[in-house]
$ cat my_file22.cif   # mmCIF, C-alpha atoms (C1' of nucleotides)
data_input
#
loop_
_atom_site.label_atom_id
_atom_site.label_comp_id
_atom_site.auth_asym_id
_atom_site.auth_seq_id
_atom_site.Cartn_x
_atom_site.Cartn_y
_atom_site.Cartn_z
CA MET F 1 -34.03 20.22 9.29
CA MET F 2 -36.82 20.35 6.78
CA GLN F 3 -36.43 19.14 3.29
CA VAL F 4 -38.01 21.12 0.50
CA SER F 5 -37.53 18.57 -2.18
CA ALA F 6 -38.50 19.27 -5.74
CA GLY F 7 -36.56 16.25 -6.93
CA PRO F 8 -37.68 13.37 -9.08
CA ALA F 9 -40.62 11.31 -7.85
CA ALA F 10 -41.30 13.98 -5.27
CA GLN F 11 -42.93 12.54 -2.20
CA ALA F 12 -45.15 14.79 -0.21
CA VAL F 13 -44.02 15.97 3.21
CA PRO F 14 -44.95 12.80 5.09
CA THR F 15 -42.86 9.82 4.08
CA THR F 16 -42.88 6.20 5.00
CA ARG F 17 -41.17 5.29 8.24
CA ARG F 18 -38.22 3.76 6.41
CA ASP F 19 -37.60 6.96 4.50
CA GLN F 20 -38.08 9.03 7.59
CA ILE F 21 -35.36 7.00 9.29
CA LEU F 22 -33.07 7.25 6.30
CA ALA F 23 -33.47 11.01 6.19
CA ALA F 24 -32.68 11.38 9.87
CA ALA F 25 -29.73 9.04 9.59
CA ALA F 26 -28.39 10.97 6.62
CA GLU F 27 -28.48 14.17 8.61
CA LEU F 28 -26.64 12.56 11.50
CA PHE F 29 -24.09 10.76 9.35
CA ALA F 30 -23.36 14.00 7.54
CA ALA F 31 -22.77 15.82 10.81
CA HIS F 32 -20.79 13.27 12.80
CA GLY F 33 -19.70 10.56 10.40
CA PHE F 34 -21.00 7.02 10.20
CA HIS F 35 -19.15 5.69 13.24
CA GLY F 36 -19.86 8.85 15.17
CA VAL F 37 -23.56 8.11 15.24
CA GLY F 38 -25.16 5.47 17.42
CA ILE F 39 -28.22 3.43 16.68
CA ASP F 40 -29.88 5.13 19.63
CA ASP F 41 -29.18 8.57 18.17
CA ILE F 42 -30.92 7.64 14.95
CA GLY F 43 -33.87 6.21 16.81
CA ALA F 44 -34.16 9.28 18.99
CA ALA F 45 -34.16 11.50 15.90
CA VAL F 46 -37.39 9.89 14.70
CA GLY F 47 -38.97 9.55 18.11
CA ILE F 48 -38.53 5.84 18.62
CA SER F 49 -35.70 4.39 20.52
CA GLY F 50 -32.75 2.27 19.60
CA PRO F 51 -33.41 -1.29 18.65
CA ALA F 52 -36.77 -0.48 17.11
CA LEU F 53 -34.84 0.37 13.97
CA TYR F 54 -34.26 -3.31 13.40
CA ARG F 55 -37.91 -3.65 12.47
CA HIS F 56 -37.02 -1.64 9.37
CA PHE F 57 -33.41 -2.40 8.56
CA ARG F 58 -31.25 -5.47 8.87
CA SER F 59 -28.34 -3.49 10.29
CA LYS F 60 -26.76 -0.09 10.58
CA ASP F 61 -24.57 -0.91 7.58
CA ALA F 62 -27.69 -1.68 5.60
CA MET F 63 -29.01 1.82 6.27
CA LEU F 64 -25.91 3.41 4.86
CA GLY F 65 -25.93 0.98 1.96
CA GLU F 66 -29.48 1.70 1.00
CA MET F 67 -28.87 5.40 1.38
CA LEU F 68 -25.85 5.54 -0.89
CA ILE F 69 -27.23 3.19 -3.48
CA SER F 70 -30.39 5.22 -3.84
CA ILE F 71 -28.46 8.47 -4.13
CA SER F 72 -26.15 7.07 -6.77
CA ARG F 73 -29.02 5.59 -8.66
CA GLY F 74 -30.94 8.84 -8.60
CA LEU F 75 -27.97 10.81 -9.80
CA PHE F 76 -27.17 8.38 -12.59
CA SER F 77 -30.66 7.89 -13.92
CA GLY F 78 -31.56 11.56 -13.64
CA GLY F 79 -28.33 12.61 -15.31
CA LYS F 80 -28.61 10.11 -18.11
CA GLU F 81 -32.16 11.10 -18.79
CA ARG F 82 -31.48 14.81 -18.94
CA ALA F 83 -28.37 14.47 -21.05
CA ALA F 84 -30.22 12.31 -23.53
CA ALA F 85 -33.14 14.70 -23.76
CA ALA F 86 -31.03 17.73 -24.58
CA GLU F 87 -30.97 18.92 -28.14
CA ASP F 88 -27.33 19.78 -28.49
CA PRO F 89 -24.09 19.01 -26.62
CA SER F 90 -23.70 22.34 -24.94
CA LYS F 91 -27.28 22.23 -23.70
CA ALA F 92 -26.73 18.71 -22.44
CA LEU F 93 -23.83 19.90 -20.34
CA ALA F 94 -25.81 22.84 -19.02
CA GLU F 95 -28.64 20.47 -18.14
CA LEU F 96 -26.28 18.23 -16.23
CA VAL F 97 -24.92 21.16 -14.29
CA THR F 98 -28.40 22.36 -13.40
CA PHE F 99 -29.54 18.91 -12.42
CA HIS F 100 -26.57 18.22 -10.18
CA THR F 101 -26.71 21.67 -8.63
CA ASN F 102 -30.37 21.30 -7.76
CA PHE F 103 -29.81 17.86 -6.32
CA ALA F 104 -27.03 19.15 -4.12
CA LEU F 105 -29.02 22.17 -3.03
CA ASP F 106 -32.07 20.08 -2.21
CA ASN F 107 -30.23 17.28 -0.46
CA PRO F 108 -27.17 18.67 1.26
CA ALA F 109 -27.00 15.86 3.80
CA LEU F 110 -27.21 13.17 1.16
CA ILE F 111 -24.51 14.77 -0.93
CA THR F 112 -22.28 15.07 2.11
CA VAL F 113 -22.78 11.47 3.10
CA GLN F 114 -22.07 10.26 -0.40
CA GLU F 115 -18.92 12.30 -0.56
CA ARG F 116 -17.57 11.18 2.80
CA ASN F 117 -18.83 7.77 3.66
CA LEU F 118 -18.12 5.54 0.71
CA GLY F 119 -15.33 4.02 2.76
CA ASN F 120 -17.72 2.91 5.49
CA LEU F 121 -19.76 0.74 3.16
CA ARG F 122 -19.76 -3.03 3.18
CA GLU F 123 -17.78 -4.48 0.33
CA ASP F 124 -20.69 -5.50 -1.89
CA ASP F 125 -22.60 -2.27 -1.39
CA ARG F 126 -19.46 -0.31 -2.13
CA LYS F 127 -19.02 -2.17 -5.39
CA GLN F 128 -22.54 -1.35 -6.41
CA VAL F 129 -22.22 2.32 -5.50
CA ARG F 130 -18.93 2.64 -7.28
CA ALA F 131 -20.39 1.10 -10.40
CA LEU F 132 -23.25 3.58 -10.38
CA GLN F 133 -20.92 6.49 -9.74
CA ARG F 134 -18.70 5.40 -12.58
CA GLN F 135 -21.66 5.30 -14.93
CA TYR F 136 -22.71 8.75 -13.80
CA VAL F 137 -19.22 10.06 -14.42
CA GLU F 138 -19.31 8.56 -17.88
CA VAL F 139 -22.47 10.50 -18.65
CA TRP F 140 -20.55 13.64 -17.80
CA VAL F 141 -17.48 12.55 -19.71
CA GLY F 142 -19.64 12.05 -22.77
CA ALA F 143 -21.25 15.45 -22.40
CA ILE F 144 -17.97 17.23 -21.78
CA SER F 145 -16.23 15.49 -24.66
CA ALA F 146 -19.01 16.53 -26.98
CA ALA F 147 -19.26 20.08 -25.73
CA VAL F 148 -15.65 21.12 -25.40
CA PRO F 149 -13.79 20.31 -28.58
CA GLY F 150 -10.35 18.75 -28.53
CA ILE F 151 -10.40 17.60 -24.92
CA THR F 152 -9.07 14.16 -24.13
CA GLU F 153 -11.23 11.64 -22.36
CA GLU F 154 -8.93 11.57 -19.33
CA ARG F 155 -9.02 15.30 -18.96
CA ALA F 156 -12.77 15.24 -19.31
CA ARG F 157 -12.97 12.69 -16.53
CA SER F 158 -10.72 14.73 -14.28
CA ALA F 159 -12.70 17.84 -15.06
CA ALA F 160 -15.93 16.06 -14.22
CA HIS F 161 -14.61 15.07 -10.80
CA ALA F 162 -13.39 18.58 -10.19
CA VAL F 163 -16.77 20.03 -11.07
CA PHE F 164 -18.44 17.56 -8.72
CA GLY F 165 -16.22 18.93 -6.01
CA LEU F 166 -17.24 22.43 -6.93
CA LEU F 167 -20.96 21.70 -6.98
CA ASN F 168 -20.84 19.56 -3.87
CA SER F 169 -19.43 22.44 -1.89
CA THR F 170 -23.04 23.57 -1.56
CA PRO F 171 -23.60 22.27 1.96
CA HIS F 172 -20.80 24.47 3.29
CA ASN F 173 -21.70 27.41 1.17
CA ARG F 174 -24.57 29.39 2.55
CA TYR F 175 -23.47 32.95 2.08
CA VAL F 176 -25.94 33.90 -0.59
CA GLY F 177 -29.54 32.89 -1.15
CA SER F 178 -30.08 29.52 -2.74
CA THR F 179 -31.40 30.79 -6.06
CA GLU F 180 -28.43 33.10 -6.38
CA LEU F 181 -26.14 30.28 -5.28
CA ALA F 182 -27.61 28.01 -7.93
CA GLU F 183 -27.01 30.62 -10.57
CA LEU F 184 -23.47 31.30 -9.36
CA LEU F 185 -22.53 27.62 -9.24
CA HIS F 186 -23.95 27.12 -12.71
CA ARG F 187 -21.82 29.92 -14.01
CA LEU F 188 -18.70 28.74 -12.20
CA ALA F 189 -19.09 25.16 -13.38
CA LEU F 190 -19.56 26.08 -17.00
CA GLY F 191 -16.80 28.64 -16.80
CA ALA F 192 -14.47 25.99 -15.46
CA LEU F 193 -15.41 23.42 -18.07
CA HIS F 194 -15.12 25.97 -20.82
CA ALA F 195 -11.59 26.67 -19.69
CA ALA F 196 -10.62 22.99 -19.67
CA ARG F 197 -9.36 23.50 -23.22
CA MET K 1 14.84 1.84 11.98
CA MET K 2 17.58 4.25 11.07
CA GLN K 3 16.87 7.85 10.48
CA VAL K 4 18.43 9.29 7.36
CA SER K 5 18.41 12.91 8.33
CA ALA K 6 19.90 15.59 6.14
CA GLY K 7 20.70 17.73 9.16
CA PRO K 8 19.28 19.17 12.33
CA ALA K 9 17.38 21.99 10.69
CA ALA K 10 16.21 19.98 7.71
CA GLN K 11 12.65 18.75 8.16
CA ALA K 12 12.84 16.96 4.82
CA VAL K 13 11.48 13.45 4.38
CA PRO K 14 12.38 12.07 7.82
CA THR K 15 10.25 13.47 10.58
CA THR K 16 10.03 13.34 14.32
CA ARG K 17 8.00 10.60 15.89
CA ARG K 18 5.12 12.96 16.60
CA ASP K 19 4.91 13.97 12.98
CA GLN K 20 5.26 10.39 11.86
CA ILE K 21 2.27 9.50 14.01
CA LEU K 22 0.28 12.45 12.74
CA ALA K 23 0.97 11.49 9.15
CA ALA K 24 -0.12 7.92 9.72
CA ALA K 25 -3.22 9.03 11.60
CA ALA K 26 -4.12 11.42 8.80
CA GLU K 27 -3.97 8.62 6.29
CA LEU K 28 -6.20 6.44 8.43
CA PHE K 29 -8.67 9.19 9.32
CA ALA K 30 -8.97 10.06 5.65
CA ALA K 31 -9.73 6.47 4.75
CA HIS K 32 -12.10 5.40 7.54
CA GLY K 33 -13.15 8.54 9.37
CA PHE K 34 -12.10 9.63 12.83
CA HIS K 35 -14.31 7.24 14.75
CA GLY K 36 -13.57 4.44 12.32
CA VAL K 37 -9.94 4.31 13.40
CA GLY K 38 -8.72 2.82 16.66
CA ILE K 39 -5.78 3.88 18.70
CA ASP K 40 -4.27 0.46 18.03
CA ASP K 41 -4.58 0.97 14.29
CA ILE K 42 -2.62 4.19 14.48
CA GLY K 43 0.03 2.62 16.63
CA ALA K 44 0.35 -0.35 14.31
CA ALA K 45 0.79 2.00 11.36
CA VAL K 46 3.99 3.39 12.87
CA GLY K 47 5.26 0.11 14.25
CA ILE K 48 4.52 0.69 17.92
CA SER K 49 1.42 -0.55 19.48
CA GLY K 50 -1.57 1.11 21.00
CA PRO K 51 -1.15 2.96 24.24
CA ALA K 52 2.40 4.01 23.40
CA LEU K 53 0.82 6.91 21.54
CA TYR K 54 -0.03 8.50 24.85
CA ARG K 55 3.66 9.24 25.32
CA HIS K 56 3.26 11.72 22.47
CA PHE K 57 -0.33 12.94 22.59
CA ARG K 58 -2.73 13.61 25.39
CA SER K 59 -5.63 11.95 23.61
CA LYS K 60 -6.97 10.84 20.28
CA ASP K 61 -8.90 14.11 20.04
CA ALA K 62 -5.66 15.99 20.56
CA MET K 63 -4.14 14.28 17.53
CA LEU K 64 -6.97 15.41 15.31
CA GLY K 65 -6.86 18.86 16.85
CA GLU K 66 -3.17 19.32 16.28
CA MET K 67 -3.52 17.98 12.77
CA LEU K 68 -6.29 20.33 11.72
CA ILE K 69 -4.82 23.36 13.40
CA SER K 70 -1.50 22.91 11.69
CA ILE K 71 -3.13 22.41 8.30
CA SER K 72 -5.27 25.50 8.69
CA ARG K 73 -2.34 27.53 9.89
CA GLY K 74 -0.19 26.41 6.98
CA LEU K 75 -2.88 27.22 4.48
CA PHE K 76 -3.57 30.62 5.94
CA SER K 77 -0.01 31.77 6.40
CA GLY K 78 1.14 30.40 3.06
CA GLY K 79 -1.81 31.94 1.28
CA LYS K 80 -1.45 35.30 2.93
CA GLU K 81 2.23 35.42 2.15
CA ARG K 82 1.84 34.57 -1.50
CA ALA K 83 -1.06 36.90 -2.06
CA ALA K 84 0.87 39.76 -0.49
CA ALA K 85 3.98 39.10 -2.54
CA ALA K 86 2.20 39.18 -5.89
CA GLU K 87 2.59 42.27 -7.99
CA ASP K 88 -0.96 42.61 -9.28
CA PRO K 89 -4.40 41.28 -8.35
CA SER K 90 -4.70 38.75 -11.13
CA LYS K 91 -1.29 37.35 -10.32
CA ALA K 92 -2.22 37.16 -6.67
CA LEU K 93 -5.21 35.04 -7.53
CA ALA K 94 -3.16 32.80 -9.78
CA GLU K 95 -0.62 32.42 -6.97
CA LEU K 96 -3.33 31.40 -4.56
CA VAL K 97 -4.65 28.81 -6.97
CA THR K 98 -1.20 27.37 -7.52
CA PHE K 99 -0.44 27.32 -3.83
CA HIS K 100 -3.65 25.59 -2.87
CA THR K 101 -3.39 23.12 -5.72
CA ASN K 102 0.11 22.13 -4.76
CA PHE K 103 -0.85 21.76 -1.14
CA ALA K 104 -3.74 19.50 -2.05
CA LEU K 105 -1.64 17.46 -4.45
CA ASP K 106 1.14 17.04 -1.91
CA ASN K 107 -1.07 16.29 1.07
CA PRO K 108 -4.18 14.49 -0.11
CA ALA K 109 -4.83 12.85 3.25
CA LEU K 110 -4.57 16.12 5.13
CA ILE K 111 -6.92 17.85 2.75
CA THR K 112 -9.41 15.04 3.04
CA VAL K 113 -9.29 15.07 6.82
CA GLN K 114 -9.72 18.81 6.95
CA GLU K 115 -12.69 18.61 4.64
CA ARG K 116 -14.45 15.81 6.46
CA ASN K 117 -13.54 15.86 10.11
CA LEU K 118 -14.13 19.36 11.36
CA GLY K 119 -17.20 18.03 13.10
CA ASN K 120 -15.20 15.56 15.15
CA LEU K 121 -13.10 18.25 16.78
CA ARG K 122 -13.40 19.26 20.40
CA GLU K 123 -15.18 22.55 20.80
CA ASP K 124 -12.15 24.76 21.48
CA ASP K 125 -10.07 23.23 18.72
CA ARG K 126 -12.93 23.62 16.33
CA LYS K 127 -13.20 27.29 17.17
CA GLN K 128 -9.54 27.79 16.47
CA VAL K 129 -9.66 25.91 13.18
CA ARG K 130 -12.71 27.77 12.06
CA ALA K 131 -11.07 31.09 12.84
CA LEU K 132 -8.05 30.15 10.75
CA GLN K 133 -10.18 28.90 7.92
CA ARG K 134 -12.20 32.08 7.95
CA GLN K 135 -9.03 34.13 7.71
CA TYR K 136 -7.84 32.01 4.83
CA VAL K 137 -11.13 32.48 3.05
CA GLU K 138 -10.82 36.22 3.54
CA VAL K 139 -7.45 36.18 1.81
CA TRP K 140 -9.20 34.62 -1.15
CA VAL K 141 -12.13 36.98 -0.95
CA GLY K 142 -9.72 39.88 -1.11
CA ALA K 143 -7.90 38.47 -4.08
CA ILE K 144 -11.08 37.61 -5.94
CA SER K 145 -12.66 40.98 -5.25
CA ALA K 146 -9.58 42.69 -6.60
CA ALA K 147 -9.19 40.49 -9.63
CA VAL K 148 -12.73 40.16 -10.89
CA PRO K 149 -14.32 43.56 -11.16
CA GLY K 150 -17.84 44.21 -10.00
CA ILE K 151 -18.24 41.09 -7.92
CA THR K 152 -19.91 41.41 -4.54
CA GLU K 153 -18.15 40.23 -1.43
CA GLU K 154 -20.74 37.54 -0.77
CA ARG K 155 -20.41 36.13 -4.23
CA ALA K 156 -16.65 36.20 -3.89
CA ARG K 157 -16.93 34.23 -0.67
CA SER K 158 -19.22 31.68 -2.23
CA ALA K 159 -16.95 31.40 -5.22
CA ALA K 160 -13.97 30.85 -2.97
CA HIS K 161 -15.70 27.97 -1.23
CA ALA K 162 -16.70 26.48 -4.53
CA VAL K 163 -13.15 26.67 -5.82
CA PHE K 164 -11.91 24.98 -2.65
CA GLY K 165 -14.28 22.15 -3.42
CA LEU K 166 -12.91 21.99 -6.93
CA LEU K 167 -9.28 21.96 -5.89
CA ASN K 168 -9.86 19.60 -2.99
CA SER K 169 -11.23 17.00 -5.35
CA THR K 170 -7.61 16.09 -5.99
CA PRO K 171 -7.49 13.03 -3.73
CA HIS K 172 -10.25 11.35 -5.72
CA ASN K 173 -8.92 12.50 -9.04
CA ARG K 174 -6.07 10.41 -10.26
CA TYR K 175 -6.84 9.93 -13.92
CA VAL K 176 -4.06 12.04 -15.32
CA GLY K 177 -0.50 12.60 -14.14
CA SER K 178 -0.07 15.03 -11.30
CA THR K 179 1.68 17.74 -13.26
CA GLU K 180 -1.06 17.61 -15.87
CA LEU K 181 -3.65 17.53 -13.10
CA ALA K 182 -2.10 20.59 -11.52
CA GLU K 183 -2.24 22.43 -14.80
CA LEU K 184 -5.82 21.34 -15.45
CA LEU K 185 -7.03 22.34 -12.02
CA HIS K 186 -5.33 25.69 -12.33
CA ARG K 187 -7.09 26.31 -15.57
CA LEU K 188 -10.46 25.15 -14.26
CA ALA K 189 -10.23 27.25 -11.13
CA LEU K 190 -9.32 30.41 -12.94
CA GLY K 191 -11.89 29.70 -15.60
CA ALA K 192 -14.54 29.36 -12.94
CA LEU K 193 -13.53 32.50 -11.11
CA HIS K 194 -13.34 34.44 -14.31
CA ALA K 195 -16.92 33.43 -15.02
CA ALA K 196 -18.15 34.53 -11.58
CA ARG K 197 -18.83 37.98 -13.03
"C1'" DC X 1 -63.95 -11.99 18.53
"C1'" DA X 2 -60.00 -14.97 17.97
"C1'" DG X 3 -55.79 -14.58 16.23
"C1'" DC X 4 -51.97 -12.79 13.75
"C1'" DG X 5 -48.46 -9.67 12.56
"C1'" DC X 6 -46.55 -5.07 12.70
"C1'" DA X 7 -44.13 -1.80 15.41
"C1'" DG X 8 -42.62 -0.70 19.44
"C1'" DT X 9 -40.56 -1.41 24.41
"C1'" DT X 10 -36.69 -2.67 27.99
"C1'" DA X 11 -33.02 -5.77 29.38
"C1'" DA X 12 -29.10 -8.19 28.42
"C1'" DC X 13 -24.82 -9.77 25.93
"C1'" DG X 14 -20.47 -9.85 23.70
"C1'" DA X 15 -17.10 -7.03 21.45
"C1'" DT X 16 -14.54 -3.17 21.11
"C1'" DG X 17 -12.65 1.32 22.19
"C1'" DA X 18 -10.16 4.93 24.70
"C1'" DC X 19 -7.43 5.35 28.28
"C1'" DT X 20 -4.68 4.13 32.78
"C1'" DA X 21 -1.48 1.39 35.56
"C1'" DA X 22 2.50 -0.95 36.36
"C1'" DC X 23 6.47 -2.25 34.67
"C1'" DG X 24 11.02 -2.60 31.68
"C1'" DT X 25 15.09 -0.74 29.32
"C1'" DA X 26 18.45 2.13 27.21
"C1'" DA X 27 20.48 6.51 26.83
"C1'" DT X 28 21.62 11.04 29.10
"C1'" DC X 29 23.71 13.65 32.39
"C1'" DG X 30 25.03 15.83 36.84
"C1'" DC C 1 27.98 5.83 38.66
"C1'" DG C 2 23.47 6.50 40.07
"C1'" DA C 3 19.30 8.70 38.88
"C1'" DT C 4 16.30 10.63 35.74
"C1'" DT C 5 14.05 10.75 31.48
"C1'" DA C 6 12.24 9.06 27.09
"C1'" DC C 7 9.86 5.56 25.02
"C1'" DG C 8 8.19 1.37 24.91
"C1'" DT C 9 5.49 -3.00 26.65
"C1'" DT C 10 1.26 -5.84 28.45
"C1'" DA C 11 -2.78 -6.21 31.32
"C1'" DG C 12 -6.79 -4.27 32.97
"C1'" DT C 13 -10.86 -0.90 33.53
"C1'" DC C 14 -14.92 1.12 32.30
"C1'" DA C 15 -18.02 2.97 29.03
"C1'" DT C 16 -20.27 2.36 24.81
"C1'" DC C 17 -21.96 0.14 20.73
"C1'" DG C 18 -24.38 -2.99 17.62
"C1'" DT C 19 -27.35 -6.56 18.00
"C1'" DT C 20 -30.58 -10.07 19.97
"C1'" DA C 21 -34.19 -11.68 23.15
"C1'" DA C 22 -38.37 -11.52 25.33
"C1'" DC C 23 -42.28 -9.30 25.79
"C1'" DT C 24 -46.49 -5.93 24.80
"C1'" DG C 25 -50.23 -3.50 22.60
"C1'" DC C 26 -52.80 -2.21 18.45
"C1'" DG C 27 -55.30 -2.80 14.25
"C1'" DC C 28 -56.77 -5.90 10.73
"C1'" DT C 29 -59.06 -9.73 8.90
"C1'" DG C 30 -61.50 -14.42 8.64
#
$ encode --input "my_file22.cif" --output "C-alpha cells"
Amino acid sequence: MMQVSAGPAAQAVPTTRRDQILAAAAELFAAHGFHGVGIDDIGAAVGISGPALYRHFRSKDAMLGEMLISISRGLFSGGKERAAAAEDPSKALAELVTFHTNFALDNPALITVQERNLGNLREDDRKQVRALQRQYVEVWVGAISAAVPGITEERARSAAHAVFGLLNSTPHNRYVGSTELAELLHRLALGALHAAR
Amino acid sequence: MMQVSAGPAAQAVPTTRRDQILAAAAELFAAHGFHGVGIDDIGAAVGISGPALYRHFRSKDAMLGEMLISISRGLFSGGKERAAAAEDPSKALAELVTFHTNFALDNPALITVQERNLGNLREDDRKQVRALQRQYVEVWVGAISAAVPGITEERARSAAHAVFGLLNSTPHNRYVGSTELAELLHRLALGALHAAR
DNA sequence: CAGCGCAGTTAACGATGACTAACGTAATCG
DNA sequence: CGATTACGTTAGTCATCGTTAACTGCGCTG
C-alpha cells in the first residue's frame, strides 16, 4: 500500500530504512495484530529477511514502541499547535477535527495500530504512550469545554473519546471518496459535539 | 463451584461451561489480542487447565469463530427487530442507537473483540461474520435513509460505520457513570446523524 | 589499499504454543 | 450392575517464534 502523506514534516516518497520497516510493520500489525506477525514477515515486506531487522531495532517490542510513541507524539503536538493557533474556540474545535480526520485518512494503518495494540506494549513504553494520549485528550477537552457552553469536564472527556472512535472508523470506511469522507466525518463530528449539550 | 440457576430456561447470570469459556476468552482476547492469549490462559481463567478446552471446542479458532458469529447474529437480529417495531423512521433510528449502545455497554469485551479480531478468523467464519455485519449495516442504512431526508445511500453507509465507531468507544470510555454515558452517547450519535445532511 | 563498520546472509537455540494421547473418575442409564 | 459418557488430568509432539551467532561483501576513509 502506498502512502500519500501530506502530514507534518512530510518526507518524500523514499524514506530511511528504519521508517520503511516501521511502515511495513504498521501495515502488518494493523492487519493481523502484533502477535500475529512474525519477524520474518516484516523482513519479507521490505525485501530483506528476518534477523536483518535487528540491525535497525533492538527487538520486535521496540518497533511497536517506537511506532506508537511517534504517533502519539505527532497527534499531541499537531493538535496542541493547531488549537493554540485558532482565533476562537469554535474554530479551534473545527481545526482539531480537521487535523485528526486528515491524520486518520492519511495513516489508516497507524491509527489502527494505535487503537488496537496499546496492550501489546512493554510497560515503560505503554506509560509514555498513555501520557501522550492523555495530553492529547486534554487538548480536546479544553477545546470542547470552550466551544460548547455548560458542558462538564467529564462529559467533554467522554465526548472526546467518542469522537475519536468516530473519526478512527476511517480505515473501515471506504464507501465514498476520501475528500467526501473527510467532509462527512467533519460534519458528523461537529454535529455530535454540538449535541453534547 | 455451585451453580445458582434460576431455572432450566433461564439463561440469566449462570451460564453453561461453553459460554463461561467464551466469556473468559472474550475478555482475554480483548485485552491481549487473539494470538496474545494461550490456550492455557483461557483454561486458567475458568479454573480448568489447558487442553480440557478441547472437550468443548474443536480449536482455538473455533472459539473465536463462534464468538464473533454469535455477536454478529445478536446485533443483526436485535437491530432488525427493533427497527421493524418502531412506529416512525426517526424512532427507528433512536431505537437502533439505544440498542447498540446498550449492547456495547453490557458487553465491552465482545464489542472490542468484534472490532479488532475479524482478521484472525478462519476464512469461512470470516465470510459468515462479514455477511451478518453487512446485513446489520443495511438495517442502519435503511433507518438513516428514512430518517434523514436527502442523504445518499453511500453517505448513509459511511455515517453508519462512523456511528459504530462512536458507540463502540464505550470500552475505553469510563469517565462518567454508565447511565450518563448511555445518555451522552445517544445524544452524540443522533446529533452526528442529524448533521449528516 | 588497508581496514573498519554498516547491512545483510544462513544456521542454530531455547521457549512457547496449539494440539493429541493416554489415562482417571464420577454420574447416567439401560 | 456394568458400560458408556462427560469432563477432567498430565505428559508429550511438533511447529513456530524471537533472538543470537558466525560469517560475508560493500563502500568509505586515513
$ interface_residues --input "my_file22.cif" --of "chain C" --to "chain K" --cutoff "10 Å" --atoms "all atoms listed in the file" --output "list in words"
DA6, DC7, DG8 and DT9 of chain C
$ atom_distance --input "my_file22.cif" --atom1 "atom CA of Ala30 of chain K" --atom2 "atom CA of Asn117 of chain F"
10.3 Å
$ resolve_selection --input "my_file22.cif" --expression "the PyMOL selection byres ((chain C and resi 17) around 9)" --output "list in words"
Gly38 and Ile39 of chain F; DA15 and DT16 of chain X; DT16 and DG18 of chain C
$ resolve_selection --input "my_file22.cif" --expression "the PyMOL selection byres ((chain K) within 10 of (chain X))" --output "list in words"
His35, Val37, Gly38, Ile39, Asp40, Pro51, Tyr54, Arg58, Ser59 and Lys60 of chain K
$ resolve_selection --input "my_file22.cif" --expression "the PyMOL selection byres ((chain K) within 8 of (chain F))" --output "PDB file with C-alpha atoms, in the frame of the given file"
ATOM      1  CA  ALA K  31      -9.730   6.470   4.750  1.00  0.00           C
ATOM      2  CA  HIS K  32     -12.100   5.400   7.540  1.00  0.00           C
ATOM      3  CA  GLY K  33     -13.150   8.540   9.370  1.00  0.00           C
ATOM      4  CA  HIS K  35     -14.310   7.240  14.750  1.00  0.00           C
ATOM      5  CA  GLY K  36     -13.570   4.440  12.320  1.00  0.00           C
ATOM      6  CA  ARG K 116     -14.450  15.810   6.460  1.00  0.00           C
ATOM      7  CA  GLY K 119     -17.200  18.030  13.100  1.00  0.00           C
ATOM      8  CA  ASN K 120     -15.200  15.560  15.150  1.00  0.00           C
ATOM      9  CA  GLU K 154     -20.740  37.540  -0.770  1.00  0.00           C
ATOM     10  CA  ARG K 155     -20.410  36.130  -4.230  1.00  0.00           C
ATOM     11  CA  ARG K 157     -16.930  34.230  -0.670  1.00  0.00           C
ATOM     12  CA  SER K 158     -19.220  31.680  -2.230  1.00  0.00           C
ATOM     13  CA  ALA K 159     -16.950  31.400  -5.220  1.00  0.00           C
ATOM     14  CA  HIS K 161     -15.700  27.970  -1.230  1.00  0.00           C
ATOM     15  CA  ALA K 162     -16.700  26.480  -4.530  1.00  0.00           C
ATOM     16  CA  VAL K 163     -13.150  26.670  -5.820  1.00  0.00           C
ATOM     17  CA  PHE K 164     -11.910  24.980  -2.650  1.00  0.00           C
ATOM     18  CA  GLY K 165     -14.280  22.150  -3.420  1.00  0.00           C
ATOM     19  CA  LEU K 166     -12.910  21.990  -6.930  1.00  0.00           C
ATOM     20  CA  LEU K 167      -9.280  21.960  -5.890  1.00  0.00           C
ATOM     21  CA  ASN K 168      -9.860  19.600  -2.990  1.00  0.00           C
ATOM     22  CA  SER K 169     -11.230  17.000  -5.350  1.00  0.00           C
ATOM     23  CA  THR K 170      -7.610  16.090  -5.990  1.00  0.00           C
ATOM     24  CA  HIS K 172     -10.250  11.350  -5.720  1.00  0.00           C
ATOM     25  CA  ASN K 173      -8.920  12.500  -9.040  1.00  0.00           C
ATOM     26  CA  ARG K 174      -6.070  10.410 -10.260  1.00  0.00           C
ATOM     27  CA  TYR K 175      -6.840   9.930 -13.920  1.00  0.00           C
ATOM     28  CA  VAL K 176      -4.060  12.040 -15.320  1.00  0.00           C
ATOM     29  CA  LEU K 181      -3.650  17.530 -13.100  1.00  0.00           C
ATOM     30  CA  LEU K 184      -5.820  21.340 -15.450  1.00  0.00           C
ATOM     31  CA  LEU K 185      -7.030  22.340 -12.020  1.00  0.00           C
ATOM     32  CA  ARG K 187      -7.090  26.310 -15.570  1.00  0.00           C
ATOM     33  CA  LEU K 188     -10.460  25.150 -14.260  1.00  0.00           C
ATOM     34  CA  ALA K 189     -10.230  27.250 -11.130  1.00  0.00           C
ATOM     35  CA  LEU K 190      -9.320  30.410 -12.940  1.00  0.00           C
ATOM     36  CA  GLY K 191     -11.890  29.700 -15.600  1.00  0.00           C
ATOM     37  CA  ALA K 192     -14.540  29.360 -12.940  1.00  0.00           C
ATOM     38  CA  LEU K 193     -13.530  32.500 -11.110  1.00  0.00           C
ATOM     39  CA  HIS K 194     -13.340  34.440 -14.310  1.00  0.00           C
ATOM     40  CA  ALA K 195     -16.920  33.430 -15.020  1.00  0.00           C
ATOM     41  CA  ALA K 196     -18.150  34.530 -11.580  1.00  0.00           C
TER      42      ALA K 196
END
$ closest_residue --input "my_file22.cif" --among "K:Arg134, K:Glu123, K:Ile111, K:Leu93" --to "Val148 of chain K" --atoms "all atoms listed in the file"
K:Leu93
$ residues_around --input "my_file22.cif" --residues "Ala147 of chain K" --least-positions-apart "6" --cutoff "10 Å" --atoms "all atoms listed in the file" --output "list in words"
Asp88, Pro89, Ser90, Lys91, Ala92, Leu93, Ala94, Val141, Leu193 and His194 of chain K
$ atom_distance --input "my_file22.cif" --atom1 "atom CA of Arg130 of chain K" --atom2 "atom CA of Ile69 of chain K"
9.1 Å
